[in-house]
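Peer 1: The structure is given below, and queries will be raised subsequently.
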Amino acid sequence: MFTGIDDVDWASLGHAYTDTATDVPGLLWGLASDDPERREIALDGMYGAVHHQGDVYDSTVACVPFLFELVRTAGRPERGAVVELLRSIGESVREDSPLEFCGCDEDEEEWRRMIGRARALIREGVDGLLGLLDDPDPELRAALPGALAQLHPDPVRVFDALCDRLRVERAPGPARALVRAVGSLGVAHPARTAGAAAEVLTRLVAGTPDPELRLTALVQLAHCAPQSVPEDTVDICRDVLRRAGRAAPAGEDAPERPRTDTLISYLRELERDHRASVDADLVGDLLTELHHALGDRTDLRLPLLMDQLRAPGRGQKLTALVMARQLLTGWRVPAAEPVAAVGALLLDPDERVSDMALNTLLHLAPVVGPAVESLETYIHSWDDRELEADVPWYEMALCRATEVLTLAGAPDVVPTLVSLLSGHDVALEVPARLPDWIRALGPEAAAPLGPVLRERLAALDPAVPDADQVHLVGALGVLEQPESAPLLTAVLRATDDPRTRWAVVEALPSCGTAAADAAPLLRDLLADDGLRPEQRARVARALWAVTEDARDVLPVVREALSAGPDARVYEALRAASAMGPAGAALAPELRALIAADRSTGWAGVALWRVTGDAREALPALLRGWTSQPNQRPVIARCLLDMGADSAPALPHIRAELDSPRHHTNDGAAPGMTHRLHEDLSLLRDCRRLAERLEGTAG
């Protein structure tokens, strides 16, 4: 074995940690060892140094032929792990790989030649792996299909070989790997394999008796041929869920390995312990992948989610709750039934399920109505438990349940908040998200909180940095009560803490000219040469709000509009928009931003606010609507204020109302959780716009 390994000048090669790779032959021999601990340590060394974080070095390339030789040597243990290593190296050197050269320009050409050699060695070696699909080692047979589908240059040849093996493969792990590889080839090479892959997968979905294999085939069919997904998909999944109690844990086919002092061993144990703690099984993983593959097919996903939420077993419930958060925030689906089902799990006797249900309801707070009864029952169950003053909010389930009702905008919760925040019975810390709570309730409904928050803020020493101080200032800003102005001004005068200072600067505009006494302090801040342009713009916006005098503000905002990347310009755009017609002199800078296609939507909003010229601003607003979806809520509010002049936006509004997705969901990250309240606000504004504009058109 390893013919020619001693002929390689390892001393002239390097890897992640040294300029000499004389330790690499020992790692290769370690991979071939009969000692499982030595194999584990060697594999950790390969990933940790020779293929560190996916990088490829000259020593990595030199290893490739020996790794292929090891895989082809019959009877050697853990060849599947070596195949995965080769697969990772091959992924790093593919032609469209994001791997980039970092070094001197004169070395880049040699680096590119090295990557080319690695690519050629992978292509040359991978063809010899086709003949191992019937190897007696099931771990190897499970690793090969994915590697062949990814690395072999002839997808049709690989596809045919995988299908031939699939007809006779009986081991569950290798069979599922074959199905996944067939599906991945259909996705990667649609013109050459997608049709045949759909036929193979459809037959498996209809005919295989193995429920996990059937579900695996269904997932791959949804990936490569979504139009071929059967109408009885939910029934198929329902049948699999019924059998889920007998489903094997994910990773069942992995062999037992020793505990070693390596990162690989640590991560493997961490994953195993996590899966054990949530009773994770293969069915849960497959159903999650199916949801992601189905994407906009919410007609299938919603009933599937309901079945998952009602399934027995901790693992199934936890998986379903994660999916509920992703689906109900990322897609515009009828939420009442699944939200009620999540609320029912809030009362589950399993504390972990109950806690996950509560966290899920936090994300679903704007539509939590159908779960209110469950929430109230949950809260009442805490009547006899003491609140502890030194326990953070987010470690008390009672307080998180109260937060859900608050974020839902339920006005009945305000007296409870007044009691909890008053500090008379229990001096609870101020919740970090208190400003969001008040925003959800609305300043009018939350008005009774004003005296309580001012009393607590006044009791703090403004000269001593305190997180509660920051949260209280932010909450008072959202309340928009002019009577807060003297206290906020006093805090700004006394504090040296940057976080508190900027919280006050952000809050003062809500007080308007009632906070005029803060103007000298704000002017002193503007005189600080150490402020960045975006910080100066924040101060300028506050100064405008408390004085309504543009003279000191315009030069600062103009400078900030020309400064740095979009993240810095945003504060200047907020200031310009707040000034309205008083900021008309800023129009040239706003036009320049739009011409440069920077923060186009926000810049269009600011341009209309300062000029009132809809004809000029609309093209920027519509371009920003398309290119920067996260700006749509702000643009929609501007279009509403614009009135009938916004009529050219009607096709965009209709398209938004017809879209099945949250406005920031582009489908690239199906497992992402989105901010639901922003999308609901956007939809409300779009409906109002559509009614107005369509009525005008009629």
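Residues in the structure tokens are named by chain (A, B, ... in the order shown) and by number from 1 within that chain; ligands are numbered from 1 in the order shown.
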Write out as an MDAnalysis selection string all residues of region 1-143 of chain A that DSSP puts in alpha helix (DSSP H) for this structure's backbone.
Peer 2: chainID A and resid 24:31 36:45 58:72 79:93 105:126 138:143
Peer 1: Write out as a ChimeraX atom specification which residues come within 8 Å of Arg454 (chain A) when counting only C-alpha atoms, dropping same-chain ones fewer than 6 positions away.
Peer 2: /A:472,476,484,487
Peer 1: Could you please take those selected residues and save N, CA, C and O atoms as a compact mmCIF listing (two decimals), in the first residue's frame?
Peer 2:
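Result saved to out.txt:
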# COMPACT_ATOMS: atom_id res chain seq x y z
N LEU A 472 -34.98 51.47 29.32
CA LEU A 472 -36.02 52.41 29.74
C LEU A 472 -36.06 53.63 28.81
O LEU A 472 -37.14 54.09 28.42
N LEU A 476 -39.27 54.76 26.51
CA LEU A 476 -39.88 56.09 26.59
C LEU A 476 -39.90 56.77 25.22
O LEU A 476 -40.85 57.50 24.90
N SER A 484 -41.84 63.16 28.94
CA SER A 484 -40.56 62.46 29.19
C SER A 484 -39.36 63.35 28.88
O SER A 484 -38.23 63.01 29.24
N LEU A 487 -36.76 64.50 31.71
CA LEU A 487 -35.97 63.40 32.26
C LEU A 487 -34.93 62.93 31.24
O LEU A 487 -33.76 62.69 31.60
Peer 1: For Ala519 (chain A), find every residue with an atom within 10 Å (counting only C-alpha atoms), except residues of its own chain fewer than 2 positions away, and show them as a PDB file with all heavy atoms, in the first residue's frame.
Peer 2:
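Generated output (out_17.pdb):
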ATOM      1  N   THR A 489     -33.594  64.658  28.882  1.00  0.00           N
ATOM      2  CA  THR A 489     -32.570  65.710  28.793  1.00  0.00           C
ATOM      3  C   THR A 489     -31.603  65.620  29.970  1.00  0.00           C
ATOM      4  O   THR A 489     -30.377  65.753  29.808  1.00  0.00           O
ATOM      5  CB  THR A 489     -33.240  67.087  28.755  1.00  0.00           C
ATOM      6  OG1 THR A 489     -34.130  67.151  27.634  1.00  0.00           O
ATOM      7  CG2 THR A 489     -32.205  68.193  28.631  1.00  0.00           C
ATOM      8  N   THR A 513     -40.642  69.424  20.066  1.00  0.00           N
ATOM      9  CA  THR A 513     -40.089  70.665  20.613  1.00  0.00           C
ATOM     10  C   THR A 513     -40.235  70.758  22.130  1.00  0.00           C
ATOM     11  O   THR A 513     -39.666  71.666  22.748  1.00  0.00           O
ATOM     12  CB  THR A 513     -40.791  71.875  19.970  1.00  0.00           C
ATOM     13  OG1 THR A 513     -42.210  71.738  20.126  1.00  0.00           O
ATOM     14  CG2 THR A 513     -40.457  71.949  18.478  1.00  0.00           C
ATOM     15  N   ALA A 515     -38.717  68.955  23.953  1.00  0.00           N
ATOM     16  CA  ALA A 515     -37.347  68.663  24.401  1.00  0.00           C
ATOM     17  C   ALA A 515     -36.367  69.732  23.931  1.00  0.00           C
ATOM     18  O   ALA A 515     -35.170  69.468  23.791  1.00  0.00           O
ATOM     19  CB  ALA A 515     -36.912  67.293  23.899  1.00  0.00           C
ATOM     20  N   ALA A 516     -36.858  70.956  23.717  1.00  0.00           N
ATOM     21  CA  ALA A 516     -35.986  72.022  23.211  1.00  0.00           C
ATOM     22  C   ALA A 516     -34.798  72.290  24.129  1.00  0.00           C
ATOM     23  O   ALA A 516     -33.728  72.718  23.671  1.00  0.00           O
ATOM     24  CB  ALA A 516     -36.803  73.300  23.009  1.00  0.00           C
ATOM     25  N   ASP A 517     -34.961  72.032  25.424  1.00  0.00           N
ATOM     26  CA  ASP A 517     -33.849  72.264  26.361  1.00  0.00           C
ATOM     27  C   ASP A 517     -32.656  71.353  26.068  1.00  0.00           C
ATOM     28  O   ASP A 517     -31.545  71.604  26.571  1.00  0.00           O
ATOM     29  CB  ASP A 517     -34.310  72.034  27.797  1.00  0.00           C
ATOM     30  CG  ASP A 517     -35.234  73.138  28.287  1.00  0.00           C
ATOM     31  OD1 ASP A 517     -35.304  74.188  27.614  1.00  0.00           O
ATOM     32  OD2 ASP A 517     -35.901  72.940  29.324  1.00  0.00           O
ATOM     33  N   LEU A 521     -27.179  70.576  24.304  1.00  0.00           N
ATOM     34  CA  LEU A 521     -26.427  69.332  24.493  1.00  0.00           C
ATOM     35  C   LEU A 521     -26.194  68.639  23.149  1.00  0.00           C
ATOM     36  O   LEU A 521     -25.111  68.083  22.903  1.00  0.00           O
ATOM     37  CB  LEU A 521     -27.189  68.403  25.435  1.00  0.00           C
ATOM     38  CG  LEU A 521     -27.487  68.949  26.836  1.00  0.00           C
ATOM     39  CD1 LEU A 521     -28.394  67.987  27.602  1.00  0.00           C
ATOM     40  CD2 LEU A 521     -26.186  69.165  27.599  1.00  0.00           C
ATOM     41  N   LEU A 522     -27.190  68.679  22.288  1.00  0.00           N
ATOM     42  CA  LEU A 522     -27.047  68.054  20.967  1.00  0.00           C
ATOM     43  C   LEU A 522     -26.040  68.818  20.120  1.00  0.00           C
ATOM     44  O   LEU A 522     -25.248  68.212  19.383  1.00  0.00           O
ATOM     45  CB  LEU A 522     -28.408  67.989  20.274  1.00  0.00           C
ATOM     46  CG  LEU A 522     -29.444  67.076  20.949  1.00  0.00           C
ATOM     47  CD1 LEU A 522     -30.817  67.257  20.323  1.00  0.00           C
ATOM     48  CD2 LEU A 522     -29.013  65.605  20.850  1.00  0.00           C
ATOM     49  N   ARG A 523     -26.052  70.144  20.229  1.00  0.00           N
ATOM     50  CA  ARG A 523     -25.057  70.928  19.474  1.00  0.00           C
ATOM     51  C   ARG A 523     -23.645  70.629  19.976  1.00  0.00           C
ATOM     52  O   ARG A 523     -22.689  70.578  19.183  1.00  0.00           O
ATOM     53  CB  ARG A 523     -25.371  72.417  19.591  1.00  0.00           C
ATOM     54  CG  ARG A 523     -26.636  72.826  18.842  1.00  0.00           C
ATOM     55  CD  ARG A 523     -26.757  74.354  18.760  1.00  0.00           C
ATOM     56  NE  ARG A 523     -27.960  74.717  18.026  1.00  0.00           N
ATOM     57  CZ  ARG A 523     -29.126  75.033  18.589  1.00  0.00           C
ATOM     58  NH1 ARG A 523     -29.234  75.016  19.927  1.00  0.00           N
ATOM     59  NH2 ARG A 523     -30.164  75.349  17.853  1.00  0.00           N
ATOM     60  N   ASP A 524     -23.500  70.435  21.278  1.00  0.00           N
ATOM     61  CA  ASP A 524     -22.183  70.063  21.816  1.00  0.00           C
ATOM     62  C   ASP A 524     -21.733  68.720  21.239  1.00  0.00           C
ATOM     63  O   ASP A 524     -20.538  68.533  20.939  1.00  0.00           O
ATOM     64  CB  ASP A 524     -22.242  69.967  23.345  1.00  0.00           C
ATOM     65  CG  ASP A 524     -22.359  71.333  24.006  1.00  0.00           C
ATOM     66  OD1 ASP A 524     -22.106  72.345  23.320  1.00  0.00           O
ATOM     67  OD2 ASP A 524     -22.734  71.378  25.201  1.00  0.00           O
ATOM     68  N   LEU A 525     -22.682  67.791  21.101  1.00  0.00           N
ATOM     69  CA  LEU A 525     -22.338  66.499  20.503  1.00  0.00           C
ATOM     70  C   LEU A 525     -21.865  66.675  19.070  1.00  0.00           C
ATOM     71  O   LEU A 525     -20.889  66.040  18.635  1.00  0.00           O
ATOM     72  CB  LEU A 525     -23.546  65.555  20.538  1.00  0.00           C
ATOM     73  CG  LEU A 525     -23.715  64.667  21.762  1.00  0.00           C
ATOM     74  CD1 LEU A 525     -24.996  63.840  21.639  1.00  0.00           C
ATOM     75  CD2 LEU A 525     -22.518  63.733  21.934  1.00  0.00           C
ATOM     76  N   VAL A 539     -27.568  62.611  15.488  1.00  0.00           N
ATOM     77  CA  VAL A 539     -27.695  63.792  16.342  1.00  0.00           C
ATOM     78  C   VAL A 539     -28.464  64.888  15.605  1.00  0.00           C
ATOM     79  O   VAL A 539     -29.322  65.578  16.183  1.00  0.00           O
ATOM     80  CB  VAL A 539     -26.309  64.296  16.778  1.00  0.00           C
ATOM     81  CG1 VAL A 539     -26.446  65.553  17.636  1.00  0.00           C
ATOM     82  CG2 VAL A 539     -25.547  63.221  17.540  1.00  0.00           C
ATOM     83  N   ALA A 542     -32.177  64.380  15.711  1.00  0.00           N
ATOM     84  CA  ALA A 542     -32.726  64.762  17.009  1.00  0.00           C
ATOM     85  C   ALA A 542     -32.780  66.282  17.155  1.00  0.00           C
ATOM     86  O   ALA A 542     -33.769  66.844  17.659  1.00  0.00           O
ATOM     87  CB  ALA A 542     -31.892  64.144  18.129  1.00  0.00           C
ATOM     88  N   LEU A 543     -31.734  66.957  16.699  1.00  0.00           N
ATOM     89  CA  LEU A 543     -31.698  68.420  16.814  1.00  0.00           C
ATOM     90  C   LEU A 543     -32.818  69.049  16.000  1.00  0.00           C
ATOM     91  O   LEU A 543     -33.469  70.011  16.444  1.00  0.00           O
ATOM     92  CB  LEU A 543     -30.332  68.938  16.366  1.00  0.00           C
ATOM     93  CG  LEU A 543     -30.090  70.439  16.521  1.00  0.00           C
ATOM     94  CD1 LEU A 543     -30.243  70.863  17.983  1.00  0.00           C
ATOM     95  CD2 LEU A 543     -28.694  70.811  15.998  1.00  0.00           C
ATOM     96  N   TRP A 544     -33.055  68.525  14.803  1.00  0.00           N
ATOM     97  CA  TRP A 544     -34.162  69.032  13.990  1.00  0.00           C
ATOM     98  C   TRP A 544     -35.495  68.833  14.721  1.00  0.00           C
ATOM     99  O   TRP A 544     -36.338  69.732  14.759  1.00  0.00           O
ATOM    100  CB  TRP A 544     -34.192  68.336  12.632  1.00  0.00           C
ATOM    101  CG  TRP A 544     -35.531  68.478  11.950  1.00  0.00           C
ATOM    102  CD1 TRP A 544     -36.503  67.545  11.818  1.00  0.00           C
ATOM    103  CD2 TRP A 544     -36.050  69.672  11.352  1.00  0.00           C
ATOM    104  NE1 TRP A 544     -37.597  68.055  11.178  1.00  0.00           N
ATOM    105  CE2 TRP A 544     -37.346  69.369  10.880  1.00  0.00           C
ATOM    106  CE3 TRP A 544     -35.558  70.966  11.183  1.00  0.00           C
ATOM    107  CZ2 TRP A 544     -38.150  70.301  10.228  1.00  0.00           C
ATOM    108  CZ3 TRP A 544     -36.351  71.908  10.539  1.00  0.00           C
ATOM    109  CH2 TRP A 544     -37.618  71.574  10.074  1.00  0.00           C
ATOM    110  N   ALA A 545     -35.690  67.672  15.307  1.00  0.00           N
ATOM    111  CA  ALA A 545     -36.964  67.368  15.958  1.00  0.00           C
ATOM    112  C   ALA A 545     -37.242  68.296  17.134  1.00  0.00           C
ATOM    113  O   ALA A 545     -38.395  68.691  17.369  1.00  0.00           O
ATOM    114  CB  ALA A 545     -36.972  65.920  16.430  1.00  0.00           C
ATOM    115  N   VAL A 546     -36.204  68.663  17.886  1.00  0.00           N
ATOM    116  CA  VAL A 546     -36.450  69.458  19.099  1.00  0.00           C
ATOM    117  C   VAL A 546     -36.429  70.961  18.817  1.00  0.00           C
ATOM    118  O   VAL A 546     -36.900  71.744  19.649  1.00  0.00           O
ATOM    119  CB  VAL A 546     -35.437  69.111  20.220  1.00  0.00           C
ATOM    120  CG1 VAL A 546     -35.478  67.616  20.523  1.00  0.00           C
ATOM    121  CG2 VAL A 546     -34.031  69.564  19.892  1.00  0.00           C
ATOM    122  N   THR A 547     -35.879  71.377  17.642  1.00  0.00           N
ATOM    123  CA  THR A 547     -35.795  72.820  17.346  1.00  0.00           C
ATOM    124  C   THR A 547     -36.570  73.218  16.093  1.00  0.00           C
ATOM    125  O   THR A 547     -36.965  74.379  15.960  1.00  0.00           O
ATOM    126  CB  THR A 547     -34.334  73.249  17.137  1.00  0.00           C
ATOM    127  OG1 THR A 547     -33.810  72.599  15.959  1.00  0.00           O
ATOM    128  CG2 THR A 547     -33.475  72.906  18.348  1.00  0.00           C
TER     129      THR A 547
END
Peer 1: Return the single residue from A:Gly116, A:Gly530, A:Pro155, A:Pro138 that is closest to Pro172 (chain A), with distances computed using only C-alpha atoms.
Peer 2: A:Pro138
Peer 1: Just to confirm, what's the straight-line distance from CA of Thr20 (chain A) to CA of Gln53 (chain A) in Å (one decimal)?
Peer 2: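 Computing the Euclidean distance for CA of Thr20 (chain A) and CA of Gln53 (chain A) yields 18.7 Å.
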Peer 1: Using only C-alpha atoms, which of the listed residues (A:Gly4, A:Gly207, A:Gly601, A:Pro415) sits closest to Ile635 (chain A)?
Peer 2: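 Closest residue, counting only C-alpha atoms: A:Gly601.
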Peer 1: Distance CA of Pro486 (chain A)-CA of Cys511 (chain A), one decimal place?
Peer 2: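 These two atoms are separated by 9.7 Å.
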Peer 1: Between A:Ser228, A:Ser562, A:Gln326, A:Thr626, single out the one closest to Thr202 (chain A), counting only C-alpha atoms.
Peer 2: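 Result for the nearest residue to Thr202 (chain A): A:Ser228.
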Peer 1: Would you pick out the contacts of Val557 (chain A) at 12 Å or less, using only C-alpha atoms, so that residues sharing its chain but fewer than 6 positions from it are not included, and give the list as a ChimeraX atom specification?
Peer 2: /A:526,532-544,550-551,563,568-579,583-587,589-590,606
Peer 1: What does the distance between CA of Arg332 (chain A) and CA of Val634 (chain A) come to in Å, to one decimal place?
Peer 2: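 Atom-to-atom, CA of Arg332 (chain A) and CA of Val634 (chain A) are spaced 19.6 Å apart.
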Peer 1: Would you mind telling me which residue in A:Leu304, A:Met1, A:Leu27, A:Val93 lies nearest to Gly48 (chain A) when using only C-alpha atoms?
Peer 2: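 Of the candidates, the smallest distance to Gly48 (chain A) is held by A:Leu27.
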Peer 1: Using only C-alpha atoms, which protein or nucleic acid residues come within 12 Å of His15 (chain A)? Drop anything in the same chain fewer than 5 positions from it, and give the result as a PyMOL selection string.
Peer 2: chain A and resi 10+20-24+45-63
Peer 1: For the residues selected in the previous step, produce a file with N, CA and C atoms as a tab-separated table (two decimals), in the first residue's frame.
Peer 2:
chain	number	residue	atom	x	y	z
A	10	TRP	N	8.12	15.39	1.04
A	10	TRP	CA	7.17	15.99	1.96
A	10	TRP	C	7.74	17.21	2.66
A	20	THR	N	6.46	22.64	6.33
A	20	THR	CA	6.97	21.32	5.99
A	20	THR	C	5.93	20.29	6.37
A	21	ALA	N	5.70	19.32	5.48
A	21	ALA	CA	4.62	18.33	5.67
A	21	ALA	C	5.18	16.97	6.01
A	22	THR	N	6.27	16.93	6.74
A	22	THR	CA	6.88	15.64	7.07
A	22	THR	C	6.00	14.78	7.98
A	23	ASP	N	4.96	15.40	8.59
A	23	ASP	CA	4.06	14.62	9.44
A	23	ASP	C	2.94	13.95	8.65
A	24	VAL	N	2.78	14.34	7.39
A	24	VAL	CA	1.64	13.84	6.62
A	24	VAL	C	1.73	12.34	6.31
A	45	GLY	N	-6.34	14.90	12.07
A	45	GLY	CA	-5.19	15.63	11.57
A	45	GLY	C	-5.33	16.03	10.11
A	46	MET	N	-5.95	15.16	9.31
A	46	MET	CA	-6.15	15.49	7.90
A	46	MET	C	-7.08	16.69	7.76
A	47	TYR	N	-8.19	16.68	8.50
A	47	TYR	CA	-9.11	17.81	8.42
A	47	TYR	C	-8.56	19.05	9.12
A	48	GLY	N	-7.78	18.84	10.17
A	48	GLY	CA	-7.30	19.97	10.95
A	48	GLY	C	-6.11	20.69	10.35
A	49	ALA	N	-5.30	19.99	9.56
A	49	ALA	CA	-4.08	20.60	9.03
A	49	ALA	C	-4.00	20.51	7.51
A	50	VAL	N	-4.14	19.30	6.96
A	50	VAL	CA	-3.93	19.08	5.53
A	50	VAL	C	-5.09	19.63	4.71
A	51	HIS	N	-6.30	19.61	5.28
A	51	HIS	CA	-7.48	20.14	4.59
A	51	HIS	C	-8.22	21.08	5.54
A	52	HIS	N	-7.46	21.97	6.16
A	52	HIS	CA	-7.96	22.85	7.22
A	52	HIS	C	-9.06	23.77	6.70
A	53	GLN	N	-10.27	23.65	7.28
A	53	GLN	CA	-11.41	24.50	6.94
A	53	GLN	C	-11.67	24.55	5.43
A	54	GLY	N	-11.44	23.40	4.78
A	54	GLY	CA	-11.73	23.31	3.36
A	54	GLY	C	-10.62	23.81	2.45
A	55	ASP	N	-9.51	24.30	3.02
A	55	ASP	CA	-8.41	24.79	2.19
A	55	ASP	C	-7.64	23.63	1.55
A	56	VAL	N	-6.95	23.95	0.47
A	56	VAL	CA	-6.16	22.94	-0.25
A	56	VAL	C	-4.72	23.45	-0.34
A	57	TYR	N	-3.79	22.61	0.09
A	57	TYR	CA	-2.37	22.94	0.05
A	57	TYR	C	-1.66	21.95	-0.86
A	58	ASP	N	-0.36	22.19	-1.11
A	58	ASP	CA	0.37	21.25	-1.96
A	58	ASP	C	0.44	19.86	-1.32
A	59	SER	N	0.47	19.82	0.01
A	59	SER	CA	0.47	18.51	0.67
A	59	SER	C	-0.89	17.82	0.51
A	60	THR	N	-1.97	18.61	0.45
A	60	THR	CA	-3.30	18.03	0.21
A	60	THR	C	-3.32	17.33	-1.13
A	61	VAL	N	-2.80	18.01	-2.15
A	61	VAL	CA	-2.78	17.44	-3.50
A	61	VAL	C	-1.94	16.18	-3.53
A	62	ALA	N	-0.80	16.20	-2.82
A	62	ALA	CA	0.08	15.03	-2.81
A	62	ALA	C	-0.59	13.83	-2.15
A	63	CYS	N	-1.54	14.08	-1.26
A	63	CYS	CA	-2.23	12.98	-0.56
A	63	CYS	C	-3.28	12.29	-1.42
Peer 1: Do you know which residues are at most 12 Å from Asp210 (chain A) counting only C-alpha atoms, after dropping those on the same chain fewer than 4 positions away, and could you put them as number ranges by chain?
Peer 2: A: 170-173, 175-176, 204-206, 214-217, 236, 239-240, 243-244, 246-247, 283
Peer 1: Dump C-alpha atoms for the selected residues as a compact mmCIF listing (two decimals), in the first residue's frame?
Peer 2:
# COMPACT_ATOMS: atom_id res chain seq x y z
CA ARG A 170 -30.86 -4.14 0.70
CA ALA A 171 -29.02 -2.28 3.47
CA PRO A 172 -31.06 0.77 4.56
CA GLY A 173 -28.21 3.29 4.80
CA ALA A 175 -30.07 2.42 -0.22
CA ARG A 176 -30.97 5.88 1.06
CA LEU A 204 -39.89 4.12 -5.28
CA VAL A 205 -42.44 6.49 -3.74
CA ALA A 206 -45.27 4.31 -5.05
CA ARG A 214 -40.02 5.94 0.54
CA LEU A 215 -39.81 9.29 2.29
CA THR A 216 -36.23 9.77 1.10
CA ALA A 217 -37.39 9.20 -2.48
CA ILE A 236 -47.60 9.18 2.43
CA ASP A 239 -48.24 6.83 7.03
CA VAL A 240 -44.53 7.35 7.72
CA ARG A 243 -44.53 4.24 11.86
CA ALA A 244 -42.12 6.83 13.26
CA ARG A 246 -39.96 2.42 15.00
CA ALA A 247 -37.79 4.82 13.01
CA VAL A 283 -38.12 10.72 9.87
Peer 1: With a distance cut-off of 9 Å and only C-alpha atoms, select the neighbouring residues of region 68-75 of chain A, excluding the residue or stretch itself and same-chain residues fewer than 6 positions from it, and output the selection as a ChimeraX atom specification.
Peer 2: /A:1-3,28,31-32,82-83,86,122,125-126,128-129,132,135-137,140
Peer 1: With only C-alpha atoms as the basis for distance, which of A:Gly474, A:Pro443, A:Gly450, A:Pro670 is at the shortest distance from Glu289 (chain A)?
Peer 2: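 The answer is A:Pro670, which sits nearest to Glu289 (chain A).
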